[in-house]
Structures are given as C-alpha cells and as structure tokens.
Number of protein chains: 10
Amino acid sequence: MIPEITQKLLAAKKAKGISFADLEKILGRDEVWIAAVIYRQASASEEEAKKLIEALGLGGIYVQELTEPSVKGLGPVVPTDPLIYRFYEIMQVYGMPIKEVIHEKFGDGIMSAIDFTLDVEKEEDPKGDRVKVIMNGKFLPYKKW
Amino acid sequence: MIPEITQKLLAAKKAKGISFADLEKILGRDEVWIAAVIYRQASASEEEAKKLIEALGLGGIYVQELTEPSVKGLGPVVPTDPLIYRFYEIMQVYGMPIKEVIHEKFGDGIMSAIDFTLDVEKEEDPKGDRVKVIMNGKFLPYKKW
Amino acid sequence: MIPEITQKLLAAKKAKGISFADLEKILGRDEVWIAAVIYRQASASEEEAKKLIEALGLGGIYVQELTEPSVKGLGPVVPTDPLIYRFYEIMQVYGMPIKEVIHEKFGDGIMSAIDFTLDVEKEEDPKGDRVKVIMNGKFLPYKKW
Amino acid sequence: MIPEITQKLLAAKKAKGISFADLEKILGRDEVWIAAVIYRQASASEEEAKKLIEALGLGGIYVQELTEPSVKGLGPVVPTDPLIYRFYEIMQVYGMPIKEVIHEKFGDGIMSAIDFTLDVEKEEDPKGDRVKVIMNGKFLPYKKW
Amino acid sequence: MIPEITQKLLAAKKAKGISFADLEKILGRDEVWIAAVIYRQASASEEEAKKLIEALGLGGIYVQELTEPSVKGLGPVVPTDPLIYRFYEIMQVYGMPIKEVIHEKFGDGIMSAIDFTLDVEKEEDPKGDRVKVIMNGKFLPYKKW
Amino acid sequence: MIPEITQKLLAAKKAKGISFADLEKILGRDEVWIAAVIYRQASASEEEAKKLIEALGLGGIYVQELTEPSVKGLGPVVPTDPLIYRFYEIMQVYGMPIKEVIHEKFGDGIMSAIDFTLDVEKEEDPKGDRVKVIMNGKFLPYKKW
Amino acid sequence: MIPEITQKLLAAKKAKGISFADLEKILGRDEVWIAAVIYRQASASEEEAKKLIEALGLGGIYVQELTEPSVKGLGPVVPTDPLIYRFYEIMQVYGMPIKEVIHEKFGDGIMSAIDFTLDVEKEEDPKGDRVKVIMNGKFLPYKKW
Amino acid sequence: MIPEITQKLLAAKKAKGISFADLEKILGRDEVWIAAVIYRQASASEEEAKKLIEALGLGGIYVQELTEPSVKGLGPVVPTDPLIYRFYEIMQVYGMPIKEVIHEKFGDGIMSAIDFTLDVEKEEDPKGDRVKVIMNGKFLPYKKW
Amino acid sequence: MIPEITQKLLAAKKAKGISFADLEKILGRDEVWIAAVIYRQASASEEEAKKLIEALGLGGIYVQELTEPSVKGLGPVVPTDPLIYRFYEIMQVYGMPIKEVIHEKFGDGIMSAIDFTLDVEKEEDPKGDRVKVIMNGKFLPYKKW
Amino acid sequence: MIPEITQKLLAAKKAKGISFADLEKILGRDEVWIAAVIYRQASASEEEAKKLIEALGLGGIYVQELTEPSVKGLGPVVPTDPLIYRFYEIMQVYGMPIKEVIHEKFGDGIMSAIDFTLDVEKEEDPKGDRVKVIMNGKFLPYKKW
C-alpha cells in the first residue's frame, strides 16, 4: 500500500530526527502538503524536491520522482485504520447536512478538492487537546451550457 | 435514501423561506448541526426540537422523533454525488498525510468524530469565493491496558 | 432508479412530440444540459425551469423542484446498460493514457467535471454515422500551500 | 497496476526528453493512441512498434510485446485518482442524459468504444486553460433477428 | 427485478397458451429476440410491437413502451440463478481461451454484442437432449488513429 | 492473473510460430479446448499433454501439471477487458430471455457448463467478418426427490 | 427477500399446524424439496402443486405459480443469518479439501447441484442432537472436445 | 491463494503416488480432514503431523506448522471454481429451505461447523457415479440469558 | 432495514415509558436479549412473548411472530452507524490478537456466538462513564474425524 | 496479510516457549494488548518495546518499529476465519439491540474503541469451558455545537 519511495523518505526523516514542522520551515510549504509529497499524493517543483531530499540527508536520485504527477488515492474502498476511518464516517454522517448548507450559501456546485488547502492544528485544551482540520477549497459553481 | 421526516422538514423550511442561518439564531446552535438534526444524524433536546419545529411552522408531532438517537450514515459505500464525493477523495488522497502529521503532533490516537464540531464558512474572494470547512475533534490517545 | 419527476417530464415530452433539439431552441441551452435537468443532475434557474415546464405542457408544480441542487449520480457502481457501460470502458481502457497526455500538456491537475460542458453531435458517414462527444472542462492545477 | 513494459518505456521517454507530441509526429498516430500502446491498451503494427521503440532509444526486445492484443482495463472498480475519477463522475452524472440524447438522434444502439478515436486538446483561455476531450465512435444500431 | 410490463406480458402469454415459437412465426423474428423485447432488453418497431401485443390478446397501451430504447441489464453483479450463472461461469472459465483464439483468427478487436444475434436450439440426443446456443457477432477491429 | 505455465506455453507457441488451428490437427481436439488446457482451465490426458508439449518444442516438465484438475476461473468479478466483457454483457442483457426460452423448450433445469463444448468460428462477410460462438451443453433437468 | 407466495404458504402451514414431515407423507417427496418448492427454488408438477395447496387448506390460485421455473437464489452475497452462514463457512474452509478428494476419487469434474438431492436428518445424541445433511449429486466429468 | 506448505505437501504426495485413502489408513483420520490439514484449515496433533509428514517422505520441518491453529478460509467472496461454486449455489438455492426444516426439527439454533464432520463418498451408479457429501454437525440451540 | 414489528414494539415501549431494565425484571431475561427479541434476532417462548407483549400494552397478535426463528443479521456489510461500526473496528483491529490469545488458552477452536450471552453495563466514572460489554461464549474445539 | 515483524516475533515466541500470560507478567500489560503490539495494532513505549524484544530473545532492531503508530486493521471486509467471523456475526445479530440498550442507559453517543480495553478470560465449566471477552470503552456523548 505504501510506495517504496515513501518508506525510504519516512525512514530517513526518522533517522534525521526531523519533524514535519521543521520541513515546513525549510520548504516554506505546509506540513500536510509536504507529507502529501512524501506519500506521492502531490508533486513538488524541482526546487522543492531538492530542498526536501537534502533536508532528509538523501541523494538526488529521488528528486525527479517527487516532481511527477502520480496516481493518487491510497487505500481500500472503506479504510480500516481508525484515524482515517473517522474522516469516512464524517462524510457518511455529515455529508448531506454539509451539502445542504453549502448549497444554501453558494448555490449548486461543489468545494474543489484541487484548488484546495488543508491544515492540521493542535488546539491545547485542559480537558484534552483537540485536532483542528481546516479545509479550504474554491467553490466551483456548475457551469450551464 | 432521505428519511421522510427530513423531506417534510426541508419542504417546510423552503415554504417558510427560512435559512439555516436563521435557524442558527433561533436555536443558538450551528447551522450544520441543525441540518444534521433535520437529516436525523444528530438528536436534539426536546426544547431544541420544539424550537425547530415551531420555526418551520409545523405541528408538534415531529418533536419526539427528533430527540431520538438515530441509525446514522446516509449513503452508498462510495458516494456518487460530486459535492459529497470530494470529501471521500480528500480522505483517499490526504488520509495518510494527515495521519502522519497528527501522529507527529499528538502521538498514537485519533481525532474523535463524536466529541466533534464542524463549521462551514463562506470566504469571499474576488477570484472565486471559497468554502471553508473547519473540523474540530478531541484527540483521543490509545489507552494501554 | 429514475426519479418520478423525470418519468413525468419524459412522458410529457413524448406526448407533446417535442425533441431535445426543440427544447434547445426554446431554452437557449444545450440539449444534454436540458436532459440533465430533466434527470435532476443539473439545476435550472426559475426562468429556465418555467420555459421547460411550459414547453412540455405541464403545470407549474414542477418548477421549484427543477431549480434545486439535487443528489447527483444515477446508477449502480458498474453500469449494466451497454450504452452507458461504454463510457465506463473508455475510462478503464484510456484513463491512464489520457492522464499521461493531460499531465504532459498541462502539468499536475485535473479536468473539471463542474466547470464543464458536454456536447453530443451526429456525424453523418456513409460507412455508418458516428457519435461525437465533446467534453470541455477547465484545467484545475493542484494548488500548493 | 502499471505493467513493467509501461514503466520501462515511460522511463526511457523521460530520459530522452521526448514528448507525446513528438511521438505523434514520428509515428503519424495520435498521442493518446500512442500512450495507449505504451500502457498496453492498444496494439501496434510491427512497423509502428519499431518506430516507437527506436524513438525511445531502446532495443528491439519490446517490439513484439507491443504488437500483441493485451488484456485491457487498468484499474480498480471505482478509480481513486482524481483525474481519472472525473470521467467516472461524468458517466454517473451525465450517463442517462447522454443516453436519452443519443437515442433521440440515432435510435436504439450504442456508441462504439472500439471503432472509436479519442483526442485531447488544450484550449487556451485567459480565465484558465481548458481540456477538450473529443470522443468519436461509430453508432452501432441494435441488430434485430 | 422484473419490470411490470414484463410480468403483464408473460402472464398474458401464459393465459393465451401461446409459445415463443408461435410468436416467432407471427412476428417473423427469433424467439430469443422476442423474449428480449418482452424483458425490455430490446426495442421493437411499432408494427412489431402491435403484432406482439395483439398476439398476447392485450390492448394497445403497451405498444409505445415496447418501442422505446430501455435501460438494459437485468440482474445482480454475479447472478444467483443457476441457469444464468452457467453463462457467467463460461465467461470465467473460457473467457481467456476464447480471447486467444479470436485474436489469432481476427487480430485485436472484439465480437460485437450489438451487431449480434443469439439462437437457442434443442438438439435431441438419446443420452439427454442438449441446449445449443449460437452467438453471432460482427468482429470489430480496434480502430487506430 | 495469468499462470506462469500459461505464459511459458504461449511464448513457446509464438516462438514456434504455431497456431491453435495447427494444434487442433496435432491433438485431434478443438482449438478452444486446447487454449483452455494452456490457460489451466481444462486438464489433458498424459498423451494429450505430451503431444502438446512436444508440438510447442518444450521439455516434458510441464506434462504432469497439464493433466491435473486446476482451480478454475480466471478473472475479476466484472471483467474489464472489452472482448471478455461482451460475454458478461450478453449474460446481463440476454440472460433472462434465454432462461425463458430454455424453460419453454426443456422445462426446469439448466444447460450444463461441464458436459459442454464451445467452438469459435470465423464467418467471412463482405460487410465485416463475423465471430460465431457455438455453445453446446447437455440439458440437466432438476431432479426431484 | 422472501417472495409473497412463500409467506402466504408458510402462514397457512403454521395455521394448519402441519409439519414438513406431514407434507412429505402427503406428497411422497422429501421435506427439503417441498420447502424448496414453497420458497420457489424448485418447481412442482401440477399434481404435486395441487396436493400441496390442498394440504395447506388454500385455494387453487397458487397452483400454477408453483409449477413455474423460478429465478433462483435467495440472498445476499455473503449470508448474515448464522444458520445459513455456516454453509458458506464450510465452503470457505473445506472447499479446497473437498475438491482435492473428489478429484482423486472421480477425476476432473464436479458434483452436480441439479441432478442432486439433499436430506436433513436428526441424529439423536445424549451429548446433544446432531444435524445430518446428506448431499447426493451426480458426478459430471468435464467433456473434452 | 494456496499456501506454500500445501503446495509442498501435495507435490510430495503426488511424487510418492500416495492417495488420501492411503493416508486415511495411516493416520486413522478421515481423508477430508487430512486434506484440510494439508490445506492448513485444520490443525493436527504432533503425532498426527509426524505420521503425515513421514508418509509423504518429507523431513520434520513441517511438523510444527501443521499443529498450529491457522487463519482459515481459502478463497474469494464468491468462488469461481465450478466444483466449489456448486456448494455456494446449494447455499443460495437451498439455504432457506434447509433453515425451515432444521428449525422445525430442532427449534431455533444452528448446525455447528466446528463440532462437525464431513465425508465424501463415491456411489457407483450405472447411469453415472454419484458424489455423496455427508455433513454432520452438532445442533446448537440459541442460549437465552 | 428495521422490521415493522420492531418499529411497532419500540413505539409502544416509548409510549408506555417502560425501559429495557423494567422489561428485564418482568421477563426475568437480560435486557440485551429482550432487545434482540424485539429486533427479531432472537426467538422467545410463547410465555415470554406474551409477557413482553402485555408489558408493552399491545394485543396478542404479535405473540406468535416473536416465537419464530427469524432470518438474522441486521445490516449492511460494513455498518455506517458509528456506534455499531466501533464493534466492526474492534474486530478489524483486535481480531487477530484475540485469536492468538484464545488459541493459546484453549487450543484450536472458536468462541460460540450461539451458546453465548452478552451483557451491557454502565460503569460510572468521574472522568466519564464507561460502557462495559461482556461476551460469554462456550469454547468449541474443532472436532477431528 | 500478517506483517513480517509479526511473523518474526511470533516465531521467536514459539521458539522461546513463552506464553502471552508470561509476557503479561514481564511487561505489566494485558496479554491482548501485547498481542496487539505484536500484530502492529497498538504502539508500545520504547521501554515496553525493549522489554518485549528482550523477553523474546531478539535483538534491538525491532524496538523502534514497535513504537510507531501503525496503519491499523488486519483483514478482508468480511473475515473468513471462523473465530474472527463470530465477532462479525455478533455485530450483525446483536448490533442494533446493543445500540438500543446503550442509548437507553447513556443517551446518544458511542462506546469508544480508542479509550478502550479488552480482556479475554477462560471460565472453566464442566459442560465445556467458556470464553469471556470483556470490552470496556469510555462512553462518548455526541457533542452539540
């Protein structure tokens, strides 16, 4: 399931003791996007790829591969991993309510998953820290023709 | 697929010309949560249900049903509706990168989809308005025993 | 599978002896888009809906429904109808080659299925007429963040 | 998922810095068809295969394999790659409307996916370039017997 | 699973005590094709539909429906009925061998299932009668472009 | 998907430049059955296996394997290869009509796919050659007990 | 899932207080076969159907339906009912071992599920009664051609 | 699909020219159970495993593995092999009738597939030999609590 | 999904304001088992059914139905309801570890789901109450034969 | 299906002749949790991993891997192994009754599978030992917002 290059890069990252937050500073890109590049779900520019490979202490052989548009999508139809499943569950439970609200606010169309950013933040809370996931996608109205 | 009570309530909402934003003010609850109650994906208190039913100009016969914990999950295994599918796609494409980042920030565990809130906001933008979806769930660390 | 309103409108269209080409002239919209409205896969403006309903000789009760954003996607996971299946087959057989060519021409991103038009034309040919399907979608480059 | 010969040929193509448009000129065949040969979804004549292999700077060992009718179809039942998925979505959303229009124009039958061509064109547009996909298949009327 | 019109026509056929072989003589069409019309898997001309409806002793209300191109494909993904399943099994077991032989005899292409006829014959045999199914489809070579 | 022995035998067959029709003469068995033996969907006698292996110019190491009853069935639940898919489509579209006709001619029971033969013939036709597939299976009436 | 006629007959059977063992004596057929007729998985002769309907105290309107070859197969792909699932499990766990033993005893071929009987017996046992299921099917050797 | 140890043991059995019936005499266990041990669907005692390994002329390295409880279940959701499929078909067609008869004879509960034996016998018959499969499982009544 | 009788009984239970704990006292059976009877997943004796129906203030017409062995299993292959899904997740995540531990403690065999009880208890906890689910099933060792 | 590290650790455990109960004493953690760590369904602290690796007589190379949050979920959508399937069956049969009882006792929410423990106990019983599985998860009430 996990591409070989991903395993290599994650192993190097662990060996280097470098965090995604560190990489964020080095590349000037968000840590989720960087993780997506490592998982071959996003493609980097040559310059970004070089910075990343260098930061991980690896040779340049991986650079080109990281710049290529990949075949995206990582998993089984319904994910079994509990962390990832929760996002499937959110879609099952809140998909229709979100659809209603978006249509009311924007009309008929969708939130783009391409012209799109996603941030993960840690919200400290004495009753238990919270994960904040912020998705931001361009609204695309259905074109009529 | 869509429960009868949902169809009744949405029709009444349309007839009344009332928006989710209006309902938000009346109930003091977020519009997404209210849409989830209407779709029977969340259960209201009796007071909340009464306010909602009254706002929609309907009789009390729906109140009790809205307070009951329902069988949740609305759709087919892979959604065909493009708006909802994009959330499935985000899970397929960004699921593993998010997992990496959450584990790095929080350790082994998940973002709760129960102790959880979800907001939909409209971000105006001259290049095309944007949909902002903010998920906020308690981090639940795996218990050891 | 086919929504009730669709069946009603198609029956009225047959009774009236009106073609999609006729409707194209009346509405000033493409026949495929009009067929999509009838199948509740696209939503019309109130004015468009009124023209359509009137052209079909029906009363106004259907107007509002045709203006609402619907739950889209019509069929089983793999279509059994031979005409529709051929489009599934084209995706199975030519999906990856198309992907290569689009990435080479445009970079990493997708063809939008929302900012999108689709025309069906008849190309007369003495060896057997041909169906021409022209898809035209905005290229959406992956946003980096 | 991607056959070994495909990986070899794509790697050679990248190393050579040759584009599908270049190959189109060399072979006198459309770039999508050439990409389909490389992905083993179409079979070339011996002459075409030789030209292609030569253009990619490879030895003749691949020639014969490229001339053989292959087992076609590249992917999972529902594709996860966003670019390819959009074609699945188009089939889900516009399949029935297209069916209606084709039947009205041609009668009962299908568009062939075998006596068929597919072009991908880039349409420059200041508001964002557009992808144009032109499918052209012979109409096959159902034979009665 | 079985459309209402099919049930009506089969009931009338039974009540009339008329066989498919009888209908073959009346319509001048093969019995399998007639059964396909009754199951709404093929569309008849108005004249054929009238003859069929009359032969079954029914009123003209069904004529128009029988002339319309239908949504084809009758069953579950893998059929459970043993008679129909055997055809699925034949495809599973002999699909690849047939593919090899057809490619050797004809080159790369397929047997059309549209420009296609199918006969069922009874072959009497003292060791047990035999079912003969004769499929005859135009060979469609893959077009290059 | 394709067993190793099958790949070896098909490669030898290609290297030898021998056709299924040639093998038919050598073994005194139909070419489809021979292709089925090569794909390990049928088992040969030792004598047949020897003749086949010898004709392909291979050593005797494959003989025993070809005589063993194999685990049959070659592909995915719904085939993606267009040639094989057409047989799936025929079952989806004509399965119920065939069932009606067989029951009328023979009573309740099935066509055996075991006491069964299958021939593929080329029918030359100026409008395009045709593929003829003749299936011949013993009718098995349901036993009562 | 359960056909209407089945529900009617089972209700009548319960109302009459008649057992399958009683029906076995009246019809001179095995109780499992009779249950299969009631579930429309087997078809009775007119005489058998009359005896059955009479024994259940019902009018003749059901007779004809019971004589017709039905669309067989009762359930979901993997059964959820524990009693029926155990037969699925036996196939999963012992399918290959049974296959080996049958091939060794009989050669390449199958046990017919059509020329086939199935008995259910109660074996009393002080440690807990046992269910004995005896399947008896004709061995069908693969025909060569 | 078939575990490596199974392939090794079956090859040794073939090389030795020893039958399941021979192994039955040597181990004092039924041949189906022995085949199940070889397919790693049942676990043997150390003594049984030693006898089996010795009878097959192999060294002791396999003994321990044969004594371990394995992950059971051998195949795809719906089997494609015709011999194994027939057992799936029996479950689809006769599952509900068997359920009715068992409940009538025993009450609510199931036939155990664990406290269970399965024999395969050859019944010689001039009209064609028959396969007899005898399943014998403890009836387990549902416990109430 | 939910049988009609279940809906009737749950509505009556709600109208009566009676809890499962109350029913536990009246019937002398565990509340989970009683809920299983109401959902037609377990069958009651006539006496138990009468007590239950009476406690819910309903007439006797439901008694017989509650005593019948039903077709069990309530839902989709993978449940979408979050509460029920967590049990699916537990099986996915802890299934193999539990299997290892049970085999070590008991040998090869299974925990019966028929000779089985299941209790749900509320464990009060200042940090948040806890749900305790206690399953107790007879160990069934695999029989050898 | 089973990760390589799991196979290594289980082999070492067998070679050492050490039980899960022994490991429970050494690590001060429950045996099911330890089995979950070995199957990479739970992550250990470095200290726990070291103790475990040492107890199994292995070198430190496995320590780091055991501390990493893994991709969880071990098997096919519906498990075929009988021991694991019983837990799937319990969810199918008792899922809705448990849901009713939990909602009555706790309100709308779920039992956490993360803040969760699971014990397996052996209950000796002269009529056959029993497996006791005790699940204990925090009740998570649905948050309103």
# chains A, B, ... in the order shown; residues from 1 in each chain; ligands from 1
call {"tool": "interface_residues", "arguments": {"of": "chain E", "to": "chain D", "cutoff": "6 Å", "atoms": "only C-alpha atoms", "output": "PyMOL selection string"}}
result
chain E and resi 29-30+69+108+114-115+142-143+145
call {"tool": "residues_around", "arguments": {"residues": "Arg40 in chain C", "least_positions_apart": "5", "cutoff": "8 Å", "atoms": "only C-alpha atoms", "output": "VMD selection string"}}
result
chain C and resid 3 6 66 70 72
call {"tool": "write_last_selection", "arguments": {"atoms": "all heavy atoms", "output": "PDB file, in the first residue's frame"}}
result
ATOM      1  N   PRO C   3     -35.932   9.069 -11.129  1.00  0.00           N
ATOM      2  CA  PRO C   3     -36.835   9.818 -10.249  1.00  0.00           C
ATOM      3  C   PRO C   3     -38.215  10.021 -10.900  1.00  0.00           C
ATOM      4  O   PRO C   3     -38.331  10.102 -12.131  1.00  0.00           O
ATOM      5  CB  PRO C   3     -36.135  11.167 -10.071  1.00  0.00           C
ATOM      6  CG  PRO C   3     -34.749  11.009 -10.574  1.00  0.00           C
ATOM      7  CD  PRO C   3     -34.717   9.809 -11.457  1.00  0.00           C
ATOM      8  N   THR C   6     -38.650  12.870 -13.342  1.00  0.00           N
ATOM      9  CA  THR C   6     -38.032  12.575 -14.644  1.00  0.00           C
ATOM     10  C   THR C   6     -39.005  11.787 -15.520  1.00  0.00           C
ATOM     11  O   THR C   6     -39.189  12.082 -16.709  1.00  0.00           O
ATOM     12  CB  THR C   6     -36.729  11.778 -14.431  1.00  0.00           C
ATOM     13  OG1 THR C   6     -35.875  12.513 -13.566  1.00  0.00           O
ATOM     14  CG2 THR C   6     -36.012  11.499 -15.754  1.00  0.00           C
ATOM     15  N   LEU C  66     -37.171  21.680 -10.054  1.00  0.00           N
ATOM     16  CA  LEU C  66     -36.094  21.696 -11.061  1.00  0.00           C
ATOM     17  C   LEU C  66     -34.996  22.718 -10.756  1.00  0.00           C
ATOM     18  O   LEU C  66     -33.916  22.670 -11.336  1.00  0.00           O
ATOM     19  CB  LEU C  66     -36.666  21.982 -12.454  1.00  0.00           C
ATOM     20  CG  LEU C  66     -37.593  20.915 -13.031  1.00  0.00           C
ATOM     21  CD1 LEU C  66     -38.097  21.341 -14.406  1.00  0.00           C
ATOM     22  CD2 LEU C  66     -36.914  19.564 -13.116  1.00  0.00           C
ATOM     23  N   SER C  70     -29.605  18.923  -6.639  1.00  0.00           N
ATOM     24  CA  SER C  70     -30.056  17.568  -6.322  1.00  0.00           C
ATOM     25  C   SER C  70     -28.901  16.699  -5.836  1.00  0.00           C
ATOM     26  O   SER C  70     -27.747  17.096  -5.909  1.00  0.00           O
ATOM     27  CB  SER C  70     -30.645  16.950  -7.579  1.00  0.00           C
ATOM     28  OG  SER C  70     -29.677  17.036  -8.601  1.00  0.00           O
ATOM     29  N   LYS C  72     -26.745  13.968  -6.868  1.00  0.00           N
ATOM     30  CA  LYS C  72     -26.417  13.557  -8.224  1.00  0.00           C
ATOM     31  C   LYS C  72     -25.800  12.154  -8.291  1.00  0.00           C
ATOM     32  O   LYS C  72     -25.286  11.642  -7.316  1.00  0.00           O
ATOM     33  CB  LYS C  72     -25.481  14.583  -8.839  1.00  0.00           C
ATOM     34  CG  LYS C  72     -26.124  15.972  -8.952  1.00  0.00           C
ATOM     35  CD  LYS C  72     -25.150  17.030  -9.401  1.00  0.00           C
ATOM     36  CE  LYS C  72     -25.826  18.405  -9.430  1.00  0.00           C
ATOM     37  NZ  LYS C  72     -26.045  18.974  -8.073  1.00  0.00           N
TER      38      LYS C  72
END
call {"tool": "atom_distance", "arguments": {"atom1": "CA of Val133 in chain D", "atom2": "CA of Ile26 in chain C"}}
result
27.6 Å
call {"tool": "atom_distance", "arguments": {"atom1": "CA of Gly95 in chain C", "atom2": "CA of Ile84 in chain D"}}
result
5.7 Å
call {"tool": "atom_distance", "arguments": {"atom1": "CA of Glu24 in chain B", "atom2": "CA of Asp129 in chain B"}}
result
22.0 Å
call {"tool": "residues_around", "arguments": {"residues": "Glu121 in chain B", "least_positions_apart": "3", "cutoff": "9 Å", "atoms": "only C-alpha atoms", "output": "short mmCIF file (atom, residue, chain, number, x, y, z; two decimals) with N, CA, C and O atoms, in the first residue's frame"}}
result
data_model
loop_
_atom_site.label_atom_id
_atom_site.label_comp_id
_atom_site.auth_asym_id
_atom_site.auth_seq_id
_atom_site.Cartn_x
_atom_site.Cartn_y
_atom_site.Cartn_z
N ILE A 102 -23.90 24.14 2.17
CA ILE A 102 -23.11 24.72 1.07
C ILE A 102 -24.04 25.21 -0.04
O ILE A 102 -23.87 26.31 -0.56
N LYS A 105 -25.62 28.45 0.96
CA LYS A 105 -24.70 29.58 1.00
C LYS A 105 -24.18 29.96 -0.39
O LYS A 105 -23.85 31.11 -0.64
N ARG B 130 -14.64 30.99 -1.60
CA ARG B 130 -14.08 29.71 -1.13
C ARG B 130 -14.93 29.14 0.00
O ARG B 130 -15.51 29.88 0.79
N VAL B 131 -14.97 27.82 0.04
CA VAL B 131 -15.67 27.10 1.11
C VAL B 131 -14.64 26.73 2.15
O VAL B 131 -13.61 26.14 1.84
N LYS B 132 -14.92 27.08 3.38
CA LYS B 132 -14.01 26.73 4.46
C LYS B 132 -14.75 25.76 5.37
O LYS B 132 -15.85 26.06 5.84
N VAL B 133 -14.18 24.62 5.57
CA VAL B 133 -14.78 23.61 6.45
C VAL B 133 -13.82 23.40 7.61
O VAL B 133 -12.67 23.01 7.40
N ILE B 134 -14.29 23.69 8.79
CA ILE B 134 -13.43 23.59 9.98
C ILE B 134 -13.93 22.44 10.85
O ILE B 134 -15.03 22.48 11.38
#
call {"tool": "residues_around", "arguments": {"residues": "Lys16 in chain B", "least_positions_apart": "3", "cutoff": "12 Å", "atoms": "only C-alpha atoms", "output": "list of chain:residue names"}}
result
B:Leu9, B:Leu10, B:Ala11, B:Ala12, B:Lys13, B:Ser19, B:Phe20, B:Asp22, B:Leu23, B:Ile53, B:Glu54, B:Ala55, B:Leu56, B:Gly57, B:Leu58
call {"tool": "write_last_selection", "arguments": {"atoms": "N, CA and C atoms", "output": "JSON list (two decimals), in the first residue's frame"}}
result
[["chain", "number", "residue", "atom", "x", "y", "z"],
["B", 9, "LEU", "N", -39.44, 18.26, 6.69],
["B", 9, "LEU", "CA", -38.87, 19.45, 7.31],
["B", 9, "LEU", "C", -38.21, 20.37, 6.28],
["B", 10, "LEU", "N", -37.55, 19.78, 5.29],
["B", 10, "LEU", "CA", -36.92, 20.62, 4.26],
["B", 10, "LEU", "C", -37.96, 21.34, 3.42],
["B", 11, "ALA", "N", -39.07, 20.63, 3.15],
["B", 11, "ALA", "CA", -40.15, 21.27, 2.38],
["B", 11, "ALA", "C", -40.74, 22.44, 3.17],
["B", 12, "ALA", "N", -40.94, 22.22, 4.48],
["B", 12, "ALA", "CA", -41.49, 23.30, 5.32],
["B", 12, "ALA", "C", -40.52, 24.48, 5.38],
["B", 13, "LYS", "N", -39.24, 24.16, 5.49],
["B", 13, "LYS", "CA", -38.21, 25.22, 5.53],
["B", 13, "LYS", "C", -38.26, 26.04, 4.25],
["B", 19, "SER", "N", -33.77, 30.32, 6.35],
["B", 19, "SER", "CA", -32.46, 29.75, 6.03],
["B", 19, "SER", "C", -31.87, 29.04, 7.26],
["B", 20, "PHE", "N", -30.81, 28.25, 7.00],
["B", 20, "PHE", "CA", -30.11, 27.62, 8.12],
["B", 20, "PHE", "C", -29.50, 28.69, 9.03],
["B", 22, "ASP", "N", -30.81, 31.53, 9.67],
["B", 22, "ASP", "CA", -31.91, 31.98, 10.55],
["B", 22, "ASP", "C", -32.12, 30.99, 11.69],
["B", 23, "LEU", "N", -32.13, 29.73, 11.34],
["B", 23, "LEU", "CA", -32.35, 28.69, 12.37],
["B", 23, "LEU", "C", -31.23, 28.73, 13.41],
["B", 53, "ILE", "N", -39.16, 22.88, 15.24],
["B", 53, "ILE", "CA", -40.45, 22.54, 14.62],
["B", 53, "ILE", "C", -41.33, 23.78, 14.52],
["B", 54, "GLU", "N", -41.29, 24.57, 15.58],
["B", 54, "GLU", "CA", -42.07, 25.80, 15.60],
["B", 54, "GLU", "C", -41.57, 26.79, 14.53],
["B", 55, "ALA", "N", -40.26, 26.91, 14.43],
["B", 55, "ALA", "CA", -39.68, 27.82, 13.44],
["B", 55, "ALA", "C", -40.06, 27.42, 12.03],
["B", 56, "LEU", "N", -40.25, 26.12, 11.83],
["B", 56, "LEU", "CA", -40.61, 25.64, 10.50],
["B", 56, "LEU", "C", -42.13, 25.66, 10.29],
["B", 57, "GLY", "N", -42.85, 26.07, 11.32],
["B", 57, "GLY", "CA", -44.30, 26.19, 11.19],
["B", 57, "GLY", "C", -45.01, 24.86, 11.13],
["B", 58, "LEU", "N", -44.44, 23.89, 11.81],
["B", 58, "LEU", "CA", -45.06, 22.55, 11.80],
["B", 58, "LEU", "C", -45.64, 22.23, 13.16]]
call {"tool": "select_by_dssp", "arguments": {"residues": "range 23-116 of chain B", "states": "alpha helix (DSSP H)", "output": "PyMOL selection string"}}
result
chain B and resi 23-27+31-38+46-55+63-67+82-106
